[in-house]
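Engineer: Just one file: model_8.cif, with mmCIF, C-alpha atoms and all ligand atoms.
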```cif
data_structure
#
loop_
_atom_site.label_atom_id
_atom_site.label_comp_id
_atom_site.auth_asym_id
_atom_site.auth_seq_id
_atom_site.Cartn_x
_atom_site.Cartn_y
_atom_site.Cartn_z
CA MET A 19 1.83 -23.17 0.38
CA ILE A 20 0.09 -21.67 -2.65
CA ILE A 21 0.95 -18.02 -3.21
CA THR A 22 -2.31 -16.47 -4.32
CA ASP A 23 -2.90 -12.88 -5.36
CA GLN A 24 -4.41 -12.38 -1.91
CA VAL A 25 -1.29 -13.67 -0.11
CA PHE A 26 0.91 -11.53 -2.33
CA GLY A 27 -1.35 -8.50 -1.73
CA HIS A 28 -1.08 -8.93 2.04
CA TYR A 29 2.70 -9.21 1.82
CA ALA A 30 2.99 -6.11 -0.36
CA PHE A 31 0.77 -4.24 2.15
CA CYS A 32 2.83 -5.39 5.17
CA SER A 33 4.99 -8.49 5.54
CA TYR A 34 3.93 -8.85 9.18
CA LYS A 35 0.27 -8.89 8.16
CA ALA A 36 1.04 -11.73 5.73
CA LEU A 37 2.62 -13.66 8.62
CA LEU A 38 -0.43 -13.13 10.85
CA LYS A 39 -2.79 -14.16 8.04
CA MET A 40 -0.73 -17.27 7.29
CA ASN A 41 -1.05 -18.21 10.95
CA GLY A 42 -4.83 -17.96 10.64
CA LYS A 43 -5.17 -14.79 12.72
CA THR A 44 -7.99 -12.32 12.22
CA GLY A 45 -8.12 -8.81 13.58
CA GLN A 46 -10.79 -6.24 14.22
CA ILE A 47 -12.12 -4.93 10.93
CA SER A 48 -12.80 -1.20 11.34
CA ASP A 49 -15.84 0.63 9.95
CA TYR A 50 -13.50 2.33 7.48
CA GLU A 51 -12.23 -1.02 6.17
CA LYS A 52 -15.82 -2.30 5.87
CA PHE A 53 -16.76 0.85 3.99
CA GLN A 54 -13.78 0.43 1.65
CA ALA A 55 -14.57 -3.25 1.00
CA GLN A 56 -18.20 -2.41 0.21
CA LYS A 57 -17.14 0.44 -2.09
CA GLU A 58 -14.70 -1.86 -3.91
CA ALA A 59 -17.34 -4.59 -4.34
CA ASP A 60 -19.94 -2.10 -5.66
CA PHE A 61 -17.43 -0.56 -8.03
CA LYS A 62 -16.29 -3.97 -9.34
CA ARG A 63 -19.86 -5.01 -10.11
CA ARG A 64 -20.50 -1.80 -12.02
CA ALA A 65 -17.13 -1.79 -13.80
CA ILE A 66 -17.40 -5.41 -14.95
CA ARG A 67 -20.89 -4.69 -16.31
CA ASN A 68 -19.46 -1.72 -18.26
CA LEU A 69 -16.59 -3.81 -19.66
CA VAL A 70 -18.92 -6.64 -20.70
CA GLN A 71 -21.27 -4.18 -22.42
CA LYS A 72 -18.37 -2.63 -24.28
CA TYR A 73 -16.36 -5.70 -25.30
CA GLY A 74 -18.67 -8.70 -24.82
CA ALA A 75 -17.93 -11.47 -22.35
CA THR A 76 -16.91 -15.10 -22.60
CA ASP A 77 -17.63 -17.77 -20.04
CA PHE A 78 -14.43 -19.78 -19.73
CA SER A 79 -15.44 -21.82 -16.71
CA GLY A 80 -14.87 -25.12 -18.51
CA TRP A 81 -11.90 -24.38 -20.77
CA GLU A 82 -8.97 -26.77 -20.81
CA ASN A 83 -6.17 -25.18 -22.80
CA LYS A 84 -5.19 -21.92 -24.33
CA ALA A 85 -6.24 -23.03 -27.83
CA ASP A 86 -9.78 -22.45 -26.56
CA LEU A 87 -8.91 -18.81 -26.19
CA VAL A 88 -8.23 -18.33 -29.88
CA SER A 89 -11.75 -19.12 -30.91
CA HIS A 90 -13.18 -16.51 -28.54
CA VAL A 91 -12.14 -13.27 -30.03
CA GLU A 92 -12.78 -9.65 -29.14
CA SER A 93 -14.05 -10.39 -25.71
CA ILE A 94 -13.46 -10.04 -22.03
CA ILE A 95 -12.99 -13.07 -19.81
CA ILE A 96 -14.19 -12.43 -16.29
CA GLY A 97 -12.58 -14.03 -13.25
CA PHE A 98 -9.88 -15.82 -15.26
CA ARG A 99 -7.71 -18.16 -13.16
CA ALA A 100 -4.08 -18.92 -13.91
CA ASP A 101 -1.50 -20.94 -12.04
CA PHE A 102 2.21 -21.57 -12.33
CA LYS A 103 4.33 -23.66 -9.97
CA ASP A 104 3.34 -22.64 -6.43
CA MET A 105 1.35 -19.56 -7.52
CA MET A 106 -2.29 -19.02 -8.42
CA VAL A 107 -4.11 -15.84 -9.36
CA GLU A 108 -7.60 -14.74 -10.29
CA ILE A 109 -7.75 -11.87 -12.74
CA ASP A 110 -10.70 -9.45 -12.64
CA ALA A 111 -10.87 -9.34 -16.43
CA LEU A 112 -8.69 -10.54 -19.28
CA GLN A 113 -8.99 -8.77 -22.60
CA VAL A 114 -8.44 -11.06 -25.54
CA SER A 115 -8.76 -10.30 -29.22
CA GLN A 116 -7.29 -11.67 -32.41
CA LYS A 117 -5.12 -8.61 -32.56
CA ASN A 118 -3.71 -9.03 -29.08
CA PHE A 119 -4.05 -12.78 -28.52
CA TYR A 120 -0.33 -13.19 -28.44
CA SER A 121 -0.30 -10.66 -25.71
CA PRO A 122 -3.64 -10.72 -23.89
CA SER A 123 -4.07 -7.87 -21.49
CA PRO A 124 -5.06 -8.41 -17.86
CA ILE A 125 -7.31 -5.74 -16.37
CA MET A 126 -7.45 -5.07 -12.64
CA VAL A 127 -10.50 -3.24 -11.39
CA THR A 128 -10.49 -0.88 -8.42
CA TYR A 129 -12.50 2.11 -7.23
CA LYS A 130 -9.28 4.00 -6.42
CA ASN A 131 -8.42 7.04 -8.47
CA LYS A 132 -4.73 6.90 -7.65
CA ILE A 133 -2.93 3.66 -8.37
CA GLY A 134 -0.27 3.14 -5.73
CA LYS A 135 2.86 1.02 -5.59
CA GLN A 136 1.09 -1.90 -3.89
CA GLU A 137 -1.48 -2.17 -6.68
CA LYS A 138 1.27 -1.96 -9.30
CA LEU A 139 3.28 -4.72 -7.61
CA LEU A 140 0.16 -6.88 -7.44
CA VAL A 141 -0.70 -6.45 -11.11
CA THR A 142 2.92 -7.22 -12.04
CA PHE A 143 2.74 -10.45 -9.98
CA VAL A 144 -0.60 -11.40 -11.56
CA THR A 145 0.81 -10.79 -15.03
CA TYR A 146 3.94 -12.83 -14.26
CA VAL A 147 1.83 -15.85 -13.30
CA LEU A 148 -0.48 -15.38 -16.29
CA ALA A 149 2.39 -15.07 -18.77
CA ASN A 150 3.93 -18.31 -17.49
CA PHE A 151 0.57 -20.03 -17.52
CA LEU A 152 -0.09 -19.05 -21.14
CA LYS A 153 3.59 -19.53 -22.04
CA GLN A 154 3.77 -16.23 -23.82
CA PRO A 155 5.07 -12.80 -22.94
CA ILE A 156 2.58 -10.21 -21.77
CA THR A 157 3.68 -6.68 -22.32
CA THR A 158 0.86 -4.64 -20.85
CA ALA A 159 -1.53 -4.67 -17.97
CA LYS A 160 -4.21 -2.13 -17.25
CA PHE A 161 -6.27 -0.78 -14.42
CA TYR A 162 -9.89 0.11 -14.96
CA HIS A 163 -10.51 2.47 -12.08
CA GLY A 164 -11.71 5.70 -10.53
CA GLU A 165 -14.57 8.10 -11.11
CA PRO A 166 -15.35 8.38 -13.95
CA PRO A 167 -13.98 4.87 -14.71
CA ARG A 168 -10.97 4.95 -17.03
CA PHE A 169 -8.04 2.80 -18.16
CA THR A 170 -4.48 3.33 -16.96
CA LYS A 171 -1.61 1.27 -18.35
CA VAL A 172 1.14 0.00 -16.06
CA SER A 173 4.81 -0.32 -16.88
CA LEU A 174 5.49 -3.89 -15.73
CA GLU A 175 9.24 -3.76 -16.30
CA LYS A 176 9.76 -1.33 -13.44
CA TYR A 177 8.33 -3.69 -10.78
CA ARG A 178 9.58 -7.11 -11.98
CA THR A 179 12.72 -7.20 -9.83
CA LYS A 180 10.83 -6.17 -6.73
CA VAL A 181 8.13 -8.80 -7.39
CA ARG A 182 10.79 -11.52 -7.69
CA SER A 183 12.41 -10.49 -4.42
CA LEU A 184 9.01 -10.37 -2.62
CA LEU A 185 8.24 -13.86 -3.94
CA SER A 186 11.51 -15.20 -2.52
CA GLU A 187 10.69 -13.63 0.85
CA ILE A 188 7.17 -15.12 0.86
CA ARG A 189 8.61 -18.58 0.10
CA LEU A 190 11.08 -18.28 2.98
CA LEU A 191 8.24 -17.17 5.21
CA SER A 192 6.04 -20.12 4.19
CA LYS A 193 8.92 -22.53 4.94
CA LYS A 194 9.33 -20.79 8.31
CA GLU A 195 12.95 -20.04 7.40
CA LYS A 196 12.59 -16.32 7.88
CA ALA A 197 9.80 -14.47 9.66
CA PRO A 198 9.24 -10.74 9.23
CA LYS A 199 9.63 -8.54 12.27
CA LEU A 200 6.84 -6.35 13.53
CA GLN A 201 7.37 -2.83 12.29
CA LEU A 202 4.63 -0.23 12.51
CA ASN A 203 4.16 1.58 9.21
CA ASP A 204 1.93 3.97 7.28
CA ASN A 205 -0.68 1.26 6.64
CA CYS A 206 -1.32 0.47 10.32
CA SER A 207 -4.15 3.00 10.67
CA ILE A 208 -6.25 1.07 8.12
CA CYS A 209 -5.21 -2.44 9.17
CA GLU A 210 -7.36 -4.91 11.09
CA PHE A 211 -4.38 -5.73 13.38
CA ARG A 212 -3.61 -2.16 14.40
CA LYS A 213 -4.51 -2.69 18.08
CA GLU A 214 -2.61 -5.98 18.48
CA CYS A 215 0.46 -4.58 16.73
CA LEU A 216 0.45 -1.33 18.68
CA ASP A 217 0.16 -3.28 21.96
CA GLU A 218 3.01 -5.58 20.95
CA ALA A 219 5.22 -2.68 19.80
CA THR A 220 4.51 -0.76 23.02
CA GLU A 221 5.36 -3.80 25.12
CA LYS A 222 8.64 -4.24 23.21
CA ASP A 223 9.30 -0.48 23.20
CA ASP A 224 9.92 -1.02 19.49
CA LEU A 225 11.74 1.66 17.50
CA SER A 226 8.94 1.82 14.92
CA LEU A 227 6.80 3.51 17.61
CA LEU A 228 8.68 6.67 16.59
CA ARG A 229 6.40 7.73 13.78
CA GLY A 230 8.17 9.24 10.81
CA MET A 231 11.18 6.93 11.04
CA ARG A 232 11.62 5.16 7.71
CA GLN A 233 12.23 1.42 7.42
CA LYS A 234 15.81 2.00 6.26
CA GLN A 235 16.55 4.28 9.22
CA ILE A 236 15.22 1.61 11.60
CA GLN A 237 17.32 -1.08 9.89
CA THR A 238 20.42 1.12 10.19
CA GLN A 239 19.85 1.41 13.94
CA ASN A 240 19.09 -2.34 14.25
CA LYS A 241 22.47 -3.09 12.64
CA LYS A 242 24.08 -1.07 15.44
CA GLY A 243 22.23 -3.18 18.02
CA ILE A 244 19.59 -0.54 18.77
CA PHE A 245 16.07 -1.98 18.81
CA THR A 246 14.11 0.02 21.37
CA VAL A 247 13.08 3.65 21.80
CA THR A 248 14.91 3.74 25.16
CA GLN A 249 18.18 2.47 23.64
CA TYR A 250 17.86 4.98 20.82
CA SER A 251 17.19 7.89 23.21
CA TYR A 252 20.76 7.55 24.56
CA THR A 253 22.20 8.31 21.13
CA PHE A 254 21.01 11.92 21.13
CA ARG A 255 23.82 14.47 21.35
CA PRO A 256 22.90 18.16 21.48
CA ARG A 257 24.74 20.19 18.86
CA ARG A 258 26.36 23.54 19.47
CA VAL A 259 24.61 26.20 17.40
CA LYS A 260 27.16 28.65 16.05
CA THR A 261 24.89 31.03 14.14
CA PRO A 262 21.09 31.32 13.85
CA GLU A 263 21.47 30.31 10.17
CA SER A 264 23.06 27.00 11.17
CA ILE A 265 19.90 25.88 13.00
CA THR A 266 18.38 23.02 11.02
CA THR A 267 14.69 22.35 10.97
CA GLY A 268 15.06 18.61 10.32
CA ARG A 269 13.48 16.05 12.57
CA TYR A 270 15.62 14.53 15.34
CA HIS A 271 14.19 11.10 15.99
CA ALA A 272 16.75 10.51 18.74
CA LEU A 273 15.54 13.69 20.48
CA GLN A 274 11.98 12.46 20.10
CA ALA A 275 13.06 9.19 21.77
CA LEU A 276 14.73 11.15 24.58
CA ALA A 277 11.55 13.20 25.10
CA ILE A 278 9.58 9.95 25.47
CA ARG A 279 12.11 8.43 27.88
CA GLU A 280 12.26 11.52 30.10
CA GLN A 281 8.59 12.40 29.63
CA LYS A 282 9.63 15.97 28.84
CA VAL A 283 9.00 18.45 26.07
CA PHE A 284 12.17 19.72 24.39
CA ILE A 285 12.03 22.89 22.34
CA HIS A 286 14.10 22.31 19.25
CA GLN A 287 13.80 25.92 18.17
CA SER A 288 11.58 28.73 19.47
CA PRO A 289 8.70 29.05 17.06
CA GLU A 290 8.10 32.43 15.49
CA ILE A 291 4.43 32.97 15.02
CA PRO A 292 3.75 35.84 12.63
CA SER A 293 1.44 38.50 13.92
CA ALA A 294 -0.81 40.99 12.11
CA LYS A 295 -3.80 43.19 12.89
CA THR A 296 -6.01 40.94 10.85
CA LYS A 297 -5.67 37.21 11.43
CA ILE A 298 -7.05 34.61 9.10
CA TYR A 299 -7.48 30.98 10.14
CA MET A 300 -8.00 28.38 7.44
CA ASP A 301 -9.31 24.83 7.53
CA ILE A 302 -8.96 22.79 4.35
CA GLU A 303 -10.34 19.27 4.02
CA THR A 304 -9.44 17.09 1.08
CA ASP A 305 -9.96 13.65 -0.42
CA PRO A 306 -6.34 12.80 -1.41
CA ASP A 307 -7.41 9.85 -3.59
CA ARG A 308 -9.31 12.25 -5.85
CA ASP A 309 -7.03 15.28 -5.39
CA PHE A 310 -10.25 17.01 -4.40
CA ILE A 311 -10.76 19.81 -1.87
CA TYR A 312 -14.33 19.46 -0.63
CA LEU A 313 -14.25 22.11 2.11
CA ILE A 314 -12.42 25.36 2.76
CA GLY A 315 -13.27 27.16 5.97
CA LEU A 316 -12.04 30.70 6.70
CA VAL A 317 -12.31 32.75 9.87
CA ALA A 318 -11.01 36.33 9.71
CA GLU A 319 -10.40 38.23 12.92
CA ASP A 320 -9.48 41.90 13.49
CA GLU A 321 -9.90 44.45 16.24
CA ASN A 322 -13.68 44.54 15.56
CA GLY A 323 -14.00 40.79 16.16
CA GLU A 324 -14.61 37.80 13.81
S1 LIG B 401 -1.03 -3.11 12.11
FE1 LIG B 401 0.70 -2.39 10.92
S2 LIG B 401 2.40 -3.71 11.43
FE2 LIG B 401 0.54 -4.71 12.12
S3 LIG B 401 -0.03 -6.06 10.47
FE3 LIG B 401 -1.11 -4.18 10.14
S4 LIG B 401 0.15 -2.92 8.80
FE4 LIG B 401 1.43 -4.57 9.64
#
```
Could you write out this file's structure as structure tokens?
Structural biologist:
Amino acid sequence: MIITDQVFGHYAFCSYKALLKMNGKTGQISDYEKFQAQKEADFKRRAIRNLVQKYGATDFSGWENKADLVSHVESIIIGFRADFKDMMVEIDALQVSQKNFYSPSPIMVTYKNKIGKQEKLLVTFVTYVLANFLKQPITTAKFYHGEPPRFTKVSLEKYRTKVRSLLSEIRLLSKKEKAPKLQLNDNCSICEFRKECLDEATEKDDLSLLRGMRQKQIQTQNKKGIFTVTQYSYTFRPRRVKTPESITTGRYHALQALAIREQKVFIHQSPEIPSAKTKIYMDIETDPDRDFIYLIGLVAEDENGE
């Protein structure tokens, strides 16, 4: 199997999604995903036009070897393809100049303002393949992203080890030597397979149904032979509270599991709701990708009404 940037991207998003995709499955693309894909495509078109205007572009569709690159200086190569062993990537833009030829800089384009870990892993993978293809070290990679569009450099060193370990896992998966287990995660709400996975997890009574439980916490329980919410619910032991100060406000996942098993509500601690003559209720809505608050609603209430 060829490990493309798309395969790697799926695996970095969720290993189970990569498995489903490798098996040719397709899910139900939500309106949100369609909106995101359209936004990304529109942004890419605009961003590439900006880059070409600024640096000039070179059509490398017919080039044979890297010597061809030297003669095309101070330009951007769009949609550059590189391969190495069982890997192949397409790079949004590759910046080449006489100054940096010995370390050309790949540029990934995205509409996102915040560059997350998945994007950083992907650009590190892309750069790894490119560096091996060109047989020269590449020290920097950049994102051209956000509104207004800007460059952000990525430290590749930090993600190299993780990329290598993900590559080994993908190879094992492609040889069917090791398949990832279904585990619901933070990405499920924006994934095309959310319904199928939720149905499967519900049927299995899978531990990952307990939202808020981290992957490591689930693995720790799995090592003890606990795989379902019901099994986990039996591990809850109420603690004796000696003083009010010793009450912890942490989350008890085992108690949550017990509540599900017994279909009961347990009060962990009586809530203290502050009271005052004047009450103010707030509603704040934000766009986390832009760190932007676009709405603040306030309702004040006193003895005369709202
Ligand atoms: S729904 Fe969740 S677990 Fe299933 S493939 Fe998507 S991200 Fe992975």
Engineer: In Å, how far is it from CA of Leu276 (chain A) to CA of Val247 (chain A)?
Structural biologist: 8.2 Å
Engineer: Please provide the set of residues having any atom within 10 Å of Lys72 (chain A), restricted to all atoms listed in the file, with same-chain residues fewer than 5 positions apart removed, written as a ChimeraX atom specification.
Structural biologist: /A:66-67,93-94
Engineer: Would you place a box with edges along x, y and z of the file around all atoms of ligand LIG 401 (chain B) listed there, add 6 Å to each of its six sides, and report the centre and edge lengths in Å to one decimal, as JSON?
Structural biologist:
```
{"center_x": 0.6, "center_y": -4.2, "center_z": 10.5, "size_x": 15.5, "size_y": 15.7, "size_z": 15.3}
```
Engineer: What residues of the protein or nucleic acid chains come within 6 Å of ligand LIG 401 (chain B) when you use all atoms listed in the file? Reply as a list in words.
Structural biologist: Cys32, Tyr34, Lys35, Leu200, Gln201, Leu202, Asn203, Asn205, Cys206, Cys209, Phe211, Arg212 and Cys215 of chain A
Engineer: List the spatial neighbours of Asn68 (chain A) as a list in words - criterion: any atom at most 12 Å away, only C-alpha atoms, same-chain residues fewer than 4 positions off excluded.
Structural biologist: Phe61, Lys62, Arg63, Arg64, Lys72, Tyr73, Gly74, Ala75, Ile94, Ala111, Val127, Tyr162, His163, Pro166, Pro167 and Arg168 of chain A
Engineer: At what distance in Å, to one decimal, does CA of Ser115 (chain A) lie from CA of Val70 (chain A)?
Structural biologist: 13.8 Å
Engineer: When you draw a straight line from CA of Phe161 (chain A) to CA of Tyr129 (chain A), how long is it in Å?
Structural biologist: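 Pair CA of Phe161 (chain A) / CA of Tyr129 (chain A) returns 9.9 Å.
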Engineer: Mind checking which residues fall within 10 Å of Met105 (chain A), counting only C-alpha atoms, ignoring those fewer than 6 positions away in the same chain, and posting them as a count of residues only?
Structural biologist: 13
Engineer: Restricting the calculation to all atoms listed in the file, which member of A:Asp307, A:Ile285, A:Thr248, A:Glu214 is positioned closest to Gln46 (chain A)?
Structural biologist: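 Between A:Asp307, A:Ile285, A:Thr248, A:Glu214, the residue approaching Gln46 (chain A) most closely is A:Glu214.
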Engineer: Between A:Ile208, A:Tyr270, A:Arg99, A:Thr304, which has the minimum distance to Tyr50 (chain A) (counting all atoms listed in the file)?
Structural biologist: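 Answer, going by the shortest atom-to-atom distance: A:Ile208.
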Engineer: From the list A:Phe151, A:Val114, A:Pro124, A:Pro306, which residue is nearest Phe169 (chain A) when using only C-alpha atoms?
Structural biologist: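 Looking only at the distances to Phe169 (chain A), the closest residue turns out to be A:Pro124.
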Engineer: With distances taken over all atoms listed in the file, which residue among A:Ile95, A:Ala30, A:Ile156, A:Val141 lies nearest Thr128 (chain A)?
Structural biologist: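 Smallest separation from Thr128 (chain A) among the options: A:Val141.
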Engineer: Counting only C-alpha atoms, which residue out of A:Gly268, A:Pro198, A:Pro292, A:Gly45 sits closest to Gly230 (chain A)?
Structural biologist: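 Of the candidates, the smallest distance to Gly230 (chain A) is held by A:Gly268.
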Engineer: Which one of A:Ala65, A:Ile302, A:Ile314, A:Leu227 sits closest to Ala275 (chain A) if you count only C-alpha atoms?
Structural biologist: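 Of the candidates, the smallest distance to Ala275 (chain A) is held by A:Leu227.
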Engineer: Identify the residues around (13.7, 10.3, 23.9) within a radius of 9 Å, measuring from all atoms listed in the file in the coordinates stated by the file, and give them as a PDB file with C-alpha atoms, in the coordinates of the input.
Structural biologist:
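Heads up, here's the output in point28.pdb:
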```pdb
ATOM      1  CA  VAL A 247      13.080   3.650  21.800  1.00  0.00           C
ATOM      2  CA  THR A 248      14.910   3.740  25.160  1.00  0.00           C
ATOM      3  CA  TYR A 250      17.860   4.980  20.820  1.00  0.00           C
ATOM      4  CA  SER A 251      17.190   7.890  23.210  1.00  0.00           C
ATOM      5  CA  TYR A 252      20.760   7.550  24.560  1.00  0.00           C
ATOM      6  CA  PHE A 254      21.010  11.920  21.130  1.00  0.00           C
ATOM      7  CA  HIS A 271      14.190  11.100  15.990  1.00  0.00           C
ATOM      8  CA  ALA A 272      16.750  10.510  18.740  1.00  0.00           C
ATOM      9  CA  LEU A 273      15.540  13.690  20.480  1.00  0.00           C
ATOM     10  CA  GLN A 274      11.980  12.460  20.100  1.00  0.00           C
ATOM     11  CA  ALA A 275      13.060   9.190  21.770  1.00  0.00           C
ATOM     12  CA  LEU A 276      14.730  11.150  24.580  1.00  0.00           C
ATOM     13  CA  ALA A 277      11.550  13.200  25.100  1.00  0.00           C
ATOM     14  CA  ILE A 278       9.580   9.950  25.470  1.00  0.00           C
ATOM     15  CA  ARG A 279      12.110   8.430  27.880  1.00  0.00           C
ATOM     16  CA  GLU A 280      12.260  11.520  30.100  1.00  0.00           C
ATOM     17  CA  GLN A 281       8.590  12.400  29.630  1.00  0.00           C
ATOM     18  CA  LYS A 282       9.630  15.970  28.840  1.00  0.00           C
TER      19      LYS A 282
END
```
Engineer: Using only C-alpha atoms, which residues sit within 7 Å of region 136-139 of chain A once same-chain residues fewer than 3 positions away are excluded, as a PyMOL selection string?
Structural biologist: chain A and resi 30-31+133+142-143+177+181
Engineer: Write out the residues from the selection above, keeping C-alpha atoms, as a short mmCIF file (atom, residue, chain, number, x, y, z; two decimals), in the frame of the given file.
Structural biologist:
```cif
data_model
loop_
_atom_site.label_atom_id
_atom_site.label_comp_id
_atom_site.auth_asym_id
_atom_site.auth_seq_id
_atom_site.Cartn_x
_atom_site.Cartn_y
_atom_site.Cartn_z
CA ALA A 30 2.99 -6.11 -0.36
CA PHE A 31 0.77 -4.24 2.15
CA ILE A 133 -2.93 3.66 -8.37
CA THR A 142 2.92 -7.22 -12.04
CA PHE A 143 2.74 -10.45 -9.98
CA TYR A 177 8.33 -3.69 -10.78
CA VAL A 181 8.13 -8.80 -7.39
#
```
